[in-house]
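Shown next: run-v3.pdb, containing PDB, C-alpha atoms.
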ATOM      1  CA  MET A   3     -18.264  -4.294 -55.203
ATOM      2  CA  GLU A   4     -20.795  -5.845 -52.855
ATOM      3  CA  ASN A   5     -22.065  -9.336 -53.526
ATOM      4  CA  PRO A   6     -25.488  -8.927 -55.267
ATOM      5  CA  ALA A   7     -26.640 -12.117 -53.562
ATOM      6  CA  ALA A   8     -26.024 -10.494 -50.161
ATOM      7  CA  LEU A   9     -28.160  -7.504 -51.174
ATOM      8  CA  ALA A  10     -31.002  -9.837 -52.209
ATOM      9  CA  LEU A  11     -30.771 -11.884 -49.013
ATOM     10  CA  ALA A  12     -30.713  -8.799 -46.791
ATOM     11  CA  SER A  13     -34.339  -8.054 -47.701
ATOM     12  CA  TRP A  14     -35.497 -11.681 -47.426
ATOM     13  CA  ALA A  15     -37.086 -13.033 -44.270
ATOM     14  CA  ALA A  16     -35.137 -16.261 -44.515
ATOM     15  CA  PRO A  17     -36.325 -19.356 -42.641
ATOM     16  CA  LEU A  18     -33.437 -20.391 -40.400
ATOM     17  CA  PRO A  19     -31.627 -22.721 -40.203
ATOM     18  CA  LEU A  20     -31.225 -22.765 -43.970
ATOM     19  CA  ALA A  21     -29.631 -25.145 -46.456
ATOM     20  CA  ILE A  22     -27.946 -23.844 -49.617
ATOM     21  CA  ALA A  23     -27.943 -26.013 -52.741
ATOM     22  CA  TYR A  24     -24.259 -25.732 -53.602
ATOM     23  CA  SER A  25     -22.823 -27.045 -56.865
ATOM     24  CA  GLY A  26     -19.600 -25.075 -56.619
ATOM     25  CA  GLY A  27     -20.506 -22.972 -59.674
ATOM     26  CA  ALA A  28     -20.414 -19.178 -59.693
ATOM     27  CA  ASP A  29     -24.080 -18.608 -58.826
ATOM     28  CA  SER A  30     -24.345 -21.008 -55.889
ATOM     29  CA  THR A  31     -20.916 -19.854 -54.678
ATOM     30  CA  ALA A  32     -22.136 -16.255 -54.493
ATOM     31  CA  LEU A  33     -25.279 -17.404 -52.676
ATOM     32  CA  LEU A  34     -23.354 -19.533 -50.179
ATOM     33  CA  HIS A  35     -20.867 -16.770 -49.362
ATOM     34  CA  ALA A  36     -23.718 -14.291 -48.850
ATOM     35  CA  ALA A  37     -25.737 -16.621 -46.621
ATOM     36  CA  ALA A  38     -22.737 -17.696 -44.549
ATOM     37  CA  GLY A  39     -21.833 -14.049 -43.974
ATOM     38  CA  LEU A  40     -25.340 -12.986 -42.989
ATOM     39  CA  TRP A  41     -26.281 -15.979 -40.816
ATOM     40  CA  PRO A  42     -23.132 -17.583 -39.357
ATOM     41  CA  GLY A  43     -23.769 -20.926 -37.721
ATOM     42  CA  GLN A  44     -27.253 -21.218 -39.245
ATOM     43  CA  VAL A  45     -26.335 -22.300 -42.782
ATOM     44  CA  GLU A  46     -25.484 -25.723 -44.213
ATOM     45  CA  ALA A  47     -24.515 -26.617 -47.790
ATOM     46  CA  LEU A  48     -25.978 -29.489 -49.827
ATOM     47  CA  HIS A  49     -24.008 -30.871 -52.768
ATOM     48  CA  VAL A  50     -25.310 -33.384 -55.309
ATOM     49  CA  HIS A  51     -22.697 -35.655 -56.892
ATOM     50  CA  HIS A  52     -24.401 -36.604 -60.174
ATOM     51  CA  GLY A  53     -21.765 -39.040 -61.347
ATOM     52  CA  LEU A  54     -22.258 -37.793 -64.910
ATOM     53  CA  GLN A  55     -18.681 -36.677 -65.607
ATOM     54  CA  ALA A  56     -15.166 -37.549 -64.519
ATOM     55  CA  ALA A  57     -14.713 -34.174 -62.811
ATOM     56  CA  ALA A  58     -17.559 -34.809 -60.342
ATOM     57  CA  ASP A  59     -15.133 -35.971 -57.628
ATOM     58  CA  ASP A  60     -13.093 -32.792 -58.120
ATOM     59  CA  PHE A  61     -16.275 -30.706 -57.808
ATOM     60  CA  GLU A  62     -17.036 -32.363 -54.478
ATOM     61  CA  ALA A  63     -13.491 -31.791 -53.226
ATOM     62  CA  HIS A  64     -13.703 -28.100 -54.178
ATOM     63  CA  CYS A  65     -17.031 -27.730 -52.343
ATOM     64  CA  LEU A  66     -15.599 -29.400 -49.262
ATOM     65  CA  SER A  67     -12.622 -27.021 -49.258
ATOM     66  CA  THR A  68     -14.822 -23.929 -49.651
ATOM     67  CA  CYS A  69     -17.225 -25.008 -46.920
ATOM     68  CA  LYS A  70     -14.358 -25.720 -44.557
ATOM     69  CA  ALA A  71     -13.030 -22.203 -45.148
ATOM     70  CA  LEU A  72     -16.479 -20.705 -44.517
ATOM     71  CA  ASP A  73     -17.089 -22.946 -41.466
ATOM     72  CA  VAL A  74     -20.247 -24.310 -43.135
ATOM     73  CA  PRO A  75     -21.163 -28.012 -42.839
ATOM     74  CA  LEU A  76     -21.318 -29.773 -46.226
ATOM     75  CA  ARG A  77     -23.769 -32.612 -46.867
ATOM     76  CA  VAL A  78     -23.207 -34.694 -50.004
ATOM     77  CA  GLY A  79     -25.646 -36.919 -51.838
ATOM     78  CA  ARG A  80     -24.629 -39.260 -54.640
ATOM     79  CA  VAL A  81     -27.107 -40.179 -57.316
ATOM     80  CA  ASP A  82     -27.164 -41.937 -60.659
ATOM     81  CA  ALA A  83     -28.705 -39.235 -62.862
ATOM     82  CA  ARG A  84     -28.363 -41.021 -66.191
ATOM     83  CA  HIS A  85     -31.477 -40.670 -68.303
ATOM     84  CA  ALA A  86     -33.675 -43.467 -69.568
ATOM     85  CA  PRO A  87     -34.091 -44.066 -73.327
ATOM     86  CA  GLY A  88     -36.261 -41.311 -74.792
ATOM     87  CA  GLU A  89     -35.939 -39.148 -71.666
ATOM     88  CA  SER A  90     -34.394 -35.674 -71.661
ATOM     89  CA  PRO A  91     -30.975 -35.734 -69.921
ATOM     90  CA  GLU A  92     -31.731 -32.295 -68.466
ATOM     91  CA  ASP A  93     -35.098 -33.422 -67.051
ATOM     92  CA  ALA A  94     -33.604 -36.601 -65.579
ATOM     93  CA  ALA A  95     -30.774 -34.695 -63.884
ATOM     94  CA  ARG A  96     -33.179 -32.064 -62.530
ATOM     95  CA  ARG A  97     -35.513 -34.675 -61.023
ATOM     96  CA  ALA A  98     -32.618 -36.541 -59.441
ATOM     97  CA  ARG A  99     -31.203 -33.294 -58.055
ATOM     98  CA  TYR A 100     -34.438 -32.276 -56.306
ATOM     99  CA  VAL A 101     -34.987 -35.764 -54.871
ATOM    100  CA  THR A 102     -31.438 -35.814 -53.508
ATOM    101  CA  LEU A 103     -31.478 -32.260 -52.137
ATOM    102  CA  ALA A 104     -34.737 -32.956 -50.320
ATOM    103  CA  ALA A 105     -33.452 -36.244 -48.921
ATOM    104  CA  LEU A 106     -30.266 -34.566 -47.686
ATOM    105  CA  ALA A 107     -32.224 -31.750 -46.068
ATOM    106  CA  ARG A 108     -34.636 -34.118 -44.312
ATOM    107  CA  ALA A 109     -31.806 -36.381 -43.160
ATOM    108  CA  HIS A 110     -30.181 -33.432 -41.386
ATOM    109  CA  GLY A 111     -33.332 -31.882 -39.938
ATOM    110  CA  LEU A 112     -33.565 -29.028 -42.447
ATOM    111  CA  GLY A 113     -36.920 -27.981 -43.864
ATOM    112  CA  ASP A 114     -35.793 -25.174 -46.189
ATOM    113  CA  VAL A 115     -33.358 -25.116 -49.113
ATOM    114  CA  ALA A 116     -32.276 -21.994 -51.033
ATOM    115  CA  LEU A 117     -31.489 -22.306 -54.743
ATOM    116  CA  ALA A 118     -29.228 -19.916 -56.689
ATOM    117  CA  GLN A 119     -31.460 -19.573 -59.756
ATOM    118  CA  HIS A 120     -31.526 -15.964 -60.921
ATOM    119  CA  ALA A 121     -33.210 -13.611 -63.413
ATOM    120  CA  ASP A 122     -31.431 -15.099 -66.439
ATOM    121  CA  ASP A 123     -32.445 -18.613 -65.366
ATOM    122  CA  GLN A 124     -36.044 -17.387 -65.162
ATOM    123  CA  VAL A 125     -35.915 -16.098 -68.750
ATOM    124  CA  GLU A 126     -34.392 -19.370 -69.942
ATOM    125  CA  THR A 127     -37.161 -21.321 -68.204
ATOM    126  CA  MET A 128     -39.867 -19.192 -69.811
ATOM    127  CA  LEU A 129     -38.312 -19.551 -73.273
ATOM    128  CA  ILE A 130     -38.118 -23.327 -72.867
ATOM    129  CA  ALA A 131     -41.778 -23.315 -71.797
ATOM    130  CA  LEU A 132     -42.714 -21.256 -74.861
ATOM    131  CA  GLY A 133     -40.824 -23.666 -77.074
ATOM    132  CA  ARG A 134     -42.789 -26.567 -75.615
ATOM    133  CA  GLY A 135     -46.141 -24.836 -76.074
ATOM    134  CA  ALA A 136     -46.694 -24.530 -72.324
ATOM    135  CA  GLY A 137     -49.747 -23.052 -70.663
ATOM    136  CA  LEU A 138     -49.903 -20.493 -67.870
ATOM    137  CA  ASP A 139     -48.004 -22.655 -65.392
ATOM    138  CA  GLY A 140     -45.014 -22.841 -67.715
ATOM    139  CA  LEU A 141     -45.177 -19.168 -68.677
ATOM    140  CA  ALA A 142     -45.237 -18.245 -64.983
ATOM    141  CA  GLY A 143     -41.666 -19.509 -64.817
ATOM    142  CA  MET A 144     -40.108 -20.630 -61.552
ATOM    143  CA  PRO A 145     -41.896 -19.677 -58.328
ATOM    144  CA  ARG A 146     -40.012 -17.948 -55.516
ATOM    145  CA  ARG A 147     -41.103 -20.742 -53.194
ATOM    146  CA  MET A 148     -42.304 -24.290 -53.765
ATOM    147  CA  GLN A 149     -42.685 -27.454 -51.757
ATOM    148  CA  ARG A 150     -41.331 -30.692 -53.153
ATOM    149  CA  HIS A 151     -40.575 -34.050 -51.512
ATOM    150  CA  GLY A 152     -41.471 -32.658 -48.089
ATOM    151  CA  VAL A 153     -39.062 -29.704 -48.250
ATOM    152  CA  ASN A 154     -39.535 -25.982 -48.986
ATOM    153  CA  PHE A 155     -37.357 -24.736 -51.853
ATOM    154  CA  HIS A 156     -36.701 -20.991 -52.142
ATOM    155  CA  ARG A 157     -35.306 -18.845 -54.970
ATOM    156  CA  PRO A 158     -34.242 -15.558 -53.360
ATOM    157  CA  LEU A 159     -32.133 -14.436 -56.368
ATOM    158  CA  LEU A 160     -34.829 -14.314 -59.069
ATOM    159  CA  GLU A 161     -34.436 -10.536 -59.356
ATOM    160  CA  VAL A 162     -30.631 -10.710 -59.592
ATOM    161  CA  GLN A 163     -28.937 -10.739 -62.999
ATOM    162  CA  ALA A 164     -26.274 -13.322 -63.781
ATOM    163  CA  VAL A 165     -23.785 -10.673 -64.905
ATOM    164  CA  GLY A 166     -23.785  -9.052 -61.458
ATOM    165  CA  LEU A 167     -23.023 -12.358 -59.737
ATOM    166  CA  ARG A 168     -20.219 -13.146 -62.192
ATOM    167  CA  GLU A 169     -18.709  -9.667 -61.834
ATOM    168  CA  TRP A 170     -18.588 -10.080 -58.057
ATOM    169  CA  ILE A 171     -17.041 -13.553 -58.357
ATOM    170  CA  THR A 172     -14.367 -12.251 -60.739
ATOM    171  CA  GLY A 173     -13.731  -8.976 -58.926
ATOM    172  CA  SER A 174     -13.405 -10.614 -55.519
ATOM    173  CA  GLY A 175     -11.305 -13.510 -56.824
ATOM    174  CA  THR A 176     -13.667 -15.994 -55.189
ATOM    175  CA  ALA A 177     -12.834 -19.584 -56.147
ATOM    176  CA  HIS A 178     -15.543 -21.455 -58.019
ATOM    177  CA  ILE A 179     -16.069 -24.239 -60.551
ATOM    178  CA  GLU A 180     -16.585 -23.809 -64.274
ATOM    179  CA  ASP A 181     -18.654 -26.850 -65.243
ATOM    180  CA  PRO A 182     -17.661 -27.796 -68.827
ATOM    181  CA  SER A 183     -21.156 -29.165 -69.479
ATOM    182  CA  ASN A 184     -22.495 -25.575 -69.331
ATOM    183  CA  ALA A 185     -20.856 -24.939 -72.722
ATOM    184  CA  ASP A 186     -22.324 -28.042 -74.367
ATOM    185  CA  LEU A 187     -24.671 -26.815 -77.118
ATOM    186  CA  ARG A 188     -26.447 -30.151 -77.272
ATOM    187  CA  TYR A 189     -28.504 -28.936 -74.319
ATOM    188  CA  THR A 190     -31.412 -26.570 -74.972
ATOM    189  CA  ARG A 191     -30.781 -24.385 -71.942
ATOM    190  CA  ASN A 192     -27.145 -23.841 -72.950
ATOM    191  CA  ARG A 193     -28.141 -22.838 -76.480
ATOM    192  CA  ILE A 194     -30.596 -20.311 -75.058
ATOM    193  CA  ARG A 195     -28.021 -18.924 -72.614
ATOM    194  CA  LEU A 196     -25.135 -18.704 -75.068
ATOM    195  CA  GLN A 197     -26.908 -17.857 -78.329
ATOM    196  CA  LEU A 198     -30.389 -16.463 -77.714
ATOM    197  CA  LEU A 199     -29.971 -14.290 -74.616
ATOM    198  CA  PRO A 200     -27.180 -12.169 -76.155
ATOM    199  CA  ALA A 201     -29.415 -11.513 -79.170
ATOM    200  CA  LEU A 202     -32.297 -10.573 -76.881
ATOM    201  CA  ALA A 203     -30.054  -8.193 -74.951
ATOM    202  CA  THR A 204     -29.205  -6.399 -78.207
ATOM    203  CA  THR A 205     -32.785  -6.262 -79.496
ATOM    204  CA  LEU A 206     -34.719  -5.864 -76.217
ATOM    205  CA  PRO A 207     -32.309  -4.515 -73.576
ATOM    206  CA  GLN A 208     -34.955  -4.630 -70.827
ATOM    207  CA  PHE A 209     -35.998  -8.209 -71.560
ATOM    208  CA  ARG A 210     -35.213  -9.527 -68.070
ATOM    209  CA  GLU A 211     -37.541  -7.009 -66.432
ATOM    210  CA  THR A 212     -40.342  -7.439 -68.989
ATOM    211  CA  PHE A 213     -40.117 -11.234 -68.889
ATOM    212  CA  ALA A 214     -40.298 -11.088 -65.099
ATOM    213  CA  ARG A 215     -43.429  -8.941 -65.317
ATOM    214  CA  SER A 216     -45.017 -11.388 -67.760
ATOM    215  CA  ALA A 217     -44.138 -14.268 -65.421
ATOM    216  CA  ARG A 218     -45.829 -12.498 -62.500
ATOM    217  CA  ASN A 219     -48.982 -11.873 -64.577
ATOM    218  CA  ALA A 220     -49.081 -15.499 -65.706
ATOM    219  CA  ALA A 221     -48.558 -16.643 -62.115
ATOM    220  CA  ARG A 222     -51.548 -14.599 -60.927
ATOM    221  CA  ALA A 223     -53.793 -16.128 -63.579
ATOM    222  CA  SER A 224     -52.392 -19.579 -62.817
ATOM    223  CA  ARG A 225     -53.177 -19.188 -59.098
ATOM    224  CA  LEU A 226     -56.765 -18.271 -59.931
ATOM    225  CA  LEU A 227     -57.161 -21.368 -62.114
ATOM    226  CA  ALA A 228     -55.601 -23.469 -59.343
ATOM    227  CA  GLU A 229     -58.147 -22.163 -56.829
ATOM    228  CA  ILE A 230     -61.008 -23.067 -59.175
ATOM    229  CA  ALA A 231     -59.482 -26.495 -59.805
ATOM    230  CA  ALA A 232     -59.019 -27.139 -56.080
ATOM    231  CA  ALA A 233     -62.690 -26.365 -55.463
ATOM    232  CA  ASP A 234     -63.758 -28.655 -58.304
ATOM    233  CA  LEU A 235     -61.465 -31.436 -57.087
ATOM    234  CA  ALA A 236     -62.850 -31.115 -53.558
ATOM    235  CA  THR A 237     -66.292 -31.764 -55.045
ATOM    236  CA  ALA A 238     -65.127 -34.627 -57.265
ATOM    237  CA  GLY A 239     -62.957 -36.244 -54.601
ATOM    238  CA  ALA A 240     -59.509 -37.813 -54.783
ATOM    239  CA  PRO A 241     -59.497 -40.078 -56.684
ATOM    240  CA  PRO A 242     -62.063 -38.109 -58.678
ATOM    241  CA  ALA A 243     -65.506 -39.553 -59.323
ATOM    242  CA  LEU A 244     -66.452 -39.747 -62.997
ATOM    243  CA  ALA A 245     -70.009 -38.606 -62.337
ATOM    244  CA  ALA A 246     -68.761 -35.341 -60.799
ATOM    245  CA  LEU A 247     -66.215 -34.779 -63.557
ATOM    246  CA  ARG A 248     -68.838 -35.217 -66.272
ATOM    247  CA  THR A 249     -70.861 -32.297 -64.916
ATOM    248  CA  LEU A 250     -68.046 -29.830 -65.697
ATOM    249  CA  PRO A 251     -67.667 -27.878 -68.962
ATOM    250  CA  ARG A 252     -64.758 -29.140 -71.081
ATOM    251  CA  GLU A 253     -62.289 -26.343 -70.252
ATOM    252  CA  ARG A 254     -63.050 -26.561 -66.543
ATOM    253  CA  LEU A 255     -62.716 -30.349 -66.728
ATOM    254  CA  ALA A 256     -59.303 -29.941 -68.366
ATOM    255  CA  ASN A 257     -58.298 -27.541 -65.593
ATOM    256  CA  VAL A 258     -59.225 -29.900 -62.765
ATOM    257  CA  LEU A 259     -57.606 -32.925 -64.449
ATOM    258  CA  ARG A 260     -54.323 -31.047 -64.867
ATOM    259  CA  HIS A 261     -54.533 -29.947 -61.221
ATOM    260  CA  TRP A 262     -55.284 -33.484 -59.976
ATOM    261  CA  LEU A 263     -52.481 -35.096 -61.958
ATOM    262  CA  ARG A 264     -49.917 -32.461 -61.002
ATOM    263  CA  ARG A 265     -50.837 -32.074 -57.318
ATOM    264  CA  GLU A 266     -51.495 -35.707 -56.480
ATOM    265  CA  HIS A 267     -49.035 -37.448 -58.809
ATOM    266  CA  ASP A 268     -46.493 -34.870 -60.056
ATOM    267  CA  ALA A 269     -47.581 -35.800 -63.592
ATOM    268  CA  VAL A 270     -47.996 -33.306 -66.441
ATOM    269  CA  PRO A 271     -50.046 -34.552 -69.418
ATOM    270  CA  SER A 272     -49.248 -33.466 -72.954
ATOM    271  CA  GLU A 273     -51.948 -31.563 -74.850
ATOM    272  CA  ALA A 274     -52.723 -34.654 -76.940
ATOM    273  CA  GLN A 275     -52.970 -36.879 -73.847
ATOM    274  CA  LEU A 276     -55.274 -34.421 -72.105
ATOM    275  CA  GLU A 277     -57.543 -34.118 -75.144
ATOM    276  CA  GLN A 278     -57.782 -37.908 -75.356
ATOM    277  CA  LEU A 279     -58.677 -38.126 -71.680
ATOM    278  CA  LEU A 280     -61.327 -35.411 -72.025
ATOM    279  CA  ASP A 281     -62.892 -37.261 -74.976
ATOM    280  CA  GLN A 282     -62.957 -40.526 -73.028
ATOM    281  CA  ILE A 283     -64.567 -38.959 -69.948
ATOM    282  CA  GLU A 284     -67.217 -37.239 -72.060
ATOM    283  CA  ALA A 285     -67.986 -40.580 -73.764
ATOM    284  CA  CYS A 286     -68.006 -42.506 -70.490
ATOM    285  CA  SER A 287     -71.762 -42.813 -70.019
ATOM    286  CA  THR A 288     -72.004 -46.543 -69.246
ATOM    287  CA  ARG A 289     -70.534 -48.829 -66.588
ATOM    288  CA  GLY A 290     -68.766 -50.886 -69.224
ATOM    289  CA  HIS A 291     -66.861 -47.998 -70.786
ATOM    290  CA  ARG A 292     -63.147 -48.717 -70.270
ATOM    291  CA  ILE A 293     -60.549 -45.984 -69.819
ATOM    292  CA  ARG A 294     -56.813 -46.675 -69.863
ATOM    293  CA  LEU A 295     -54.666 -43.937 -71.364
ATOM    294  CA  LYS A 296     -50.950 -43.148 -71.302
ATOM    295  CA  VAL A 297     -50.452 -39.894 -69.375
ATOM    296  CA  ALA A 298     -46.991 -38.510 -68.579
ATOM    297  CA  ASP A 299     -44.923 -41.401 -67.169
ATOM    298  CA  GLY A 300     -47.913 -43.514 -66.203
ATOM    299  CA  TYR A 301     -51.513 -44.362 -66.996
ATOM    300  CA  VAL A 302     -54.937 -42.987 -66.142
ATOM    301  CA  GLN A 303     -57.534 -45.701 -65.933
ATOM    302  CA  ARG A 304     -61.102 -46.172 -64.820
ATOM    303  CA  GLU A 305     -61.759 -48.278 -61.737
ATOM    304  CA  GLY A 306     -65.472 -48.549 -61.111
ATOM    305  CA  GLU A 307     -66.802 -45.009 -60.825
ATOM    306  CA  PHE A 308     -63.407 -43.386 -60.264
ATOM    307  CA  LEU A 309     -60.297 -42.347 -62.194
ATOM    308  CA  ARG A 310     -56.891 -43.437 -60.937
ATOM    309  CA  TRP A 311     -53.344 -42.789 -62.109
ATOM    310  CA  TYR A 312     -50.553 -45.344 -61.885
ATOM    311  CA  ASN A 313     -46.867 -44.566 -62.285
ATOM    312  CA  ALA A 314     -44.890 -46.621 -64.779
ATOM    313  CA  ARG A 315     -41.492 -45.289 -63.707
ATOM    314  CA  PRO A 316     -40.084 -45.407 -60.163
ATOM    315  CA  PRO A 317     -38.918 -42.023 -58.849
ATOM    316  CA  SER A 318     -35.219 -41.162 -58.802
ATOM    317  CA  GLN A 319     -33.577 -42.170 -55.552
ATOM    318  CA  PRO A 320     -30.295 -40.897 -54.124
ATOM    319  CA  ALA A 321     -27.711 -43.660 -54.029
ATOM    320  CA  ALA A 322     -26.023 -42.385 -50.890
ATOM    321  CA  LEU A 323     -26.308 -39.510 -48.457
ATOM    322  CA  ARG A 324     -23.792 -38.181 -46.014
TER     323      ARG A 324
END

Would you mind writing the structure in this file as structure tokens?
Amino acid sequence: MENPAALALASWAAPLPLAIAYSGGADSTALLHAAAGLWPGQVEALHVHHGLQAAADDFEAHCLSTCKALDVPLRVGRVDARHAPGESPEDAARRARYVTLAALARAHGLGDVALAQHADDQVETMLIALGRGAGLDGLAGMPRRMQRHGVNFHRPLLEVQAVGLREWITGSGTAHIEDPSNADLRYTRNRIRLQLLPALATTLPQFRETFARSARNAARASRLLAEIAAADLATAGAPPALAALRTLPRERLANVLRHWLRREHDAVPSEAQLEQLLDQIEACSTRGHRIRLKVADGYVQREGEFLRWYNARPPSQPAALR
């Protein structure tokens, strides 16, 4: 059986040299083996040591052994990914992982990182977004390419099913890590993977394909809204001027505020926070009208004739890179 990751990569115009985000798990192992086979000497592996479980040192040792066998350089970043009170452990670990991967890539002159997220991960992401009452951005799922922290992240396996990757791993006897935290039902994503996806497969056998189509449709609509928001933000300025914002209809104002907060500050307001901000801007007809509202992990406040956002939480930083 051929590695499904190799089939996906064969049709991808990969930017080389390329870094592979490598946890040691089955999915990233399949991706690393495929990339190392297709582009020898042009691939490096990036491993994030989260420090969240006792086995993390063993995971790193396994990754080092595999990379040595594949003649692929391994770069390791250590980070404290513990979550703050009231913060989702999954969200905290994800933020720390992206910060560390980007820092590792930049430190070694790499501008592109490939992630092993696949079709099942895409479905899980969309279901989580649905559960949170997300808008089009959330329902669009994970993009094939995104830029974060000065690095391009790619997802070349979004059309590949998890079962195909696991069958290749098992059939080829390729060594990999089974992370025990992936079976922990305290985490939403694990409950979806272990309990909900099997039920979907029984009820809607083509759910991966139909969810992917829905994600593409949502992404198209989301891109259109982003273009409108970018034009409105160009008119309003950055930071945006209140006078320009107040000329927009409420839904268009909501669109540009979401765009400004996400693009400029990586902040995503809740529906309640956004509604509060819209009400305050619409009521802001005098110089003395004060605005200071909690939004995401910071605050939006009025300064003169402009809106500004201030972060209340410092970004995750990798503890060590090598």

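Atom to atom, CA of Val162 in chain A and CA of Val115 in chain A stand 18.0 Å apart.
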
Pick out the residues sitting within 10 Å of range 255-259 of chain A, and hand them over as an mmCIF file with C-alpha atoms, in the coordinates of the input; count only C-alpha atoms, and ignore anything fewer than 5 positions along from it in its own chain.
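Printed below is out.cif as written:
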data_model
loop_
_atom_site.group_PDB
_atom_site.id
_atom_site.type_symbol
_atom_site.label_atom_id
_atom_site.label_comp_id
_atom_site.auth_asym_id
_atom_site.auth_seq_id
_atom_site.Cartn_x
_atom_site.Cartn_y
_atom_site.Cartn_z
ATOM 1 C CA LEU A 227 -57.161 -21.368 -62.114
ATOM 2 C CA ALA A 228 -55.601 -23.469 -59.343
ATOM 3 C CA GLU A 229 -58.147 -22.163 -56.829
ATOM 4 C CA ILE A 230 -61.008 -23.067 -59.175
ATOM 5 C CA ALA A 231 -59.482 -26.495 -59.805
ATOM 6 C CA ALA A 232 -59.019 -27.139 -56.080
ATOM 7 C CA ALA A 233 -62.690 -26.365 -55.463
ATOM 8 C CA ASP A 234 -63.758 -28.655 -58.304
ATOM 9 C CA LEU A 235 -61.465 -31.436 -57.087
ATOM 10 C CA ALA A 236 -62.850 -31.115 -53.558
ATOM 11 C CA ALA A 238 -65.127 -34.627 -57.265
ATOM 12 C CA PRO A 242 -62.063 -38.109 -58.678
ATOM 13 C CA ALA A 246 -68.761 -35.341 -60.799
ATOM 14 C CA LEU A 247 -66.215 -34.779 -63.557
ATOM 15 C CA ARG A 248 -68.838 -35.217 -66.272
ATOM 16 C CA THR A 249 -70.861 -32.297 -64.916
ATOM 17 C CA LEU A 250 -68.046 -29.830 -65.697
ATOM 18 C CA ARG A 264 -49.917 -32.461 -61.002
ATOM 19 C CA ARG A 265 -50.837 -32.074 -57.318
ATOM 20 C CA VAL A 270 -47.996 -33.306 -66.441
ATOM 21 C CA PRO A 271 -50.046 -34.552 -69.418
ATOM 22 C CA GLU A 273 -51.948 -31.563 -74.850
ATOM 23 C CA LEU A 276 -55.274 -34.421 -72.105
ATOM 24 C CA GLU A 277 -57.543 -34.118 -75.144
ATOM 25 C CA LEU A 279 -58.677 -38.126 -71.680
ATOM 26 C CA LEU A 280 -61.327 -35.411 -72.025
ATOM 27 C CA ILE A 283 -64.567 -38.959 -69.948
ATOM 28 C CA GLU A 284 -67.217 -37.239 -72.060
#

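Across A:Thr190, A:Asn219, A:Thr212, A:Thr288, the tightest approach to Glu92 in chain A is made by A:Thr190 when counting all atoms listed in the file.
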
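Considering all atoms listed in the file, the residue among A:Met128, A:Ile194, A:Leu11, A:Ala63 positioned nearest to Ser25 in chain A is A:Ala63.
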
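Our summary of the geometry notes that CA of Val153 in chain A is positioned 5.8 Å from CA of Ala104 in chain A.
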
Kindly assemble as a tab-separated table a list of the range 160-255 of chain A residues that lie within 9 Å of range 129-149 of chain A, each paired with its nearest atom pair and their distance in Å to one decimal, using all atoms listed in the file, sorted first by chain and then by ascending residue number.
residue	atom	partner	partner_atom	distance
A:Leu160	CA	A:Arg146	CA	7.3
A:Thr190	CA	A:Ile130	CA	7.7
A:Arg191	CA	A:Ile130	CA	7.5
A:Ile194	CA	A:Leu129	CA	8.0
A:Ala214	CA	A:Gly143	CA	8.5
A:Ser216	CA	A:Ala142	CA	7.4
A:Ala217	CA	A:Ala142	CA	4.1
A:Arg218	CA	A:Ala142	CA	6.3
A:Asn219	CA	A:Ala142	CA	7.4
A:Ala220	CA	A:Ala142	CA	4.8
A:Ala221	CA	A:Ala142	CA	4.7
A:Arg222	CA	A:Ala142	CA	8.3
A:Ala223	CA	A:Leu138	CA	7.3
A:Ser224	CA	A:Leu138	CA	5.7
A:Arg225	CA	A:Asp139	CA	8.9

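Using the PyMOL selection byres ((chain A and resi 33) around 10) on this structure selects Asn5, Pro6, Ala7, Ala8, Ala10, Leu11, Ile22, Ala23, Tyr24, Ala28, Asp29, Ser30, Thr31, Ala32, Leu34, His35, Ala36, Ala37, Ala38, Gly39, Ala116, Leu117, Ala118, Gln119, Pro158, Leu159 and Leu167 of chain A.
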
Output the selection as a tab-separated table (two decimals), in the coordinates of the input - C-alpha atoms for each residue.
chain	number	residue	atom	x	y	z
A	5	ASN	CA	-22.06	-9.34	-53.53
A	6	PRO	CA	-25.49	-8.93	-55.27
A	7	ALA	CA	-26.64	-12.12	-53.56
A	8	ALA	CA	-26.02	-10.49	-50.16
A	10	ALA	CA	-31.00	-9.84	-52.21
A	11	LEU	CA	-30.77	-11.88	-49.01
A	22	ILE	CA	-27.95	-23.84	-49.62
A	23	ALA	CA	-27.94	-26.01	-52.74
A	24	TYR	CA	-24.26	-25.73	-53.60
A	28	ALA	CA	-20.41	-19.18	-59.69
A	29	ASP	CA	-24.08	-18.61	-58.83
A	30	SER	CA	-24.34	-21.01	-55.89
A	31	THR	CA	-20.92	-19.85	-54.68
A	32	ALA	CA	-22.14	-16.26	-54.49
A	34	LEU	CA	-23.35	-19.53	-50.18
A	35	HIS	CA	-20.87	-16.77	-49.36
A	36	ALA	CA	-23.72	-14.29	-48.85
A	37	ALA	CA	-25.74	-16.62	-46.62
A	38	ALA	CA	-22.74	-17.70	-44.55
A	39	GLY	CA	-21.83	-14.05	-43.97
A	116	ALA	CA	-32.28	-21.99	-51.03
A	117	LEU	CA	-31.49	-22.31	-54.74
A	118	ALA	CA	-29.23	-19.92	-56.69
A	119	GLN	CA	-31.46	-19.57	-59.76
A	158	PRO	CA	-34.24	-15.56	-53.36
A	159	LEU	CA	-32.13	-14.44	-56.37
A	167	LEU	CA	-23.02	-12.36	-59.74

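The shortest atom-to-atom distance to Lys296 in chain A, with all atoms listed in the file taken into account, belongs to A:Gln275 out of A:Gln275, A:Gln282, A:Thr127, A:Gln197.
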
May I have the residues within 7 Å of Leu20 in chain A as a PyMOL selection string, using all atoms listed in the file and disregarding those fewer than 6 positions away in the same chain? chain A and resi 44-46+112+114-115

Any chance you could work out the residue set of the PyMOL selection byres ((chain A and resi 72) around 10) here, as a ChimeraX atom specification? /A:34-35,38-39,42-43,66-71,73-75
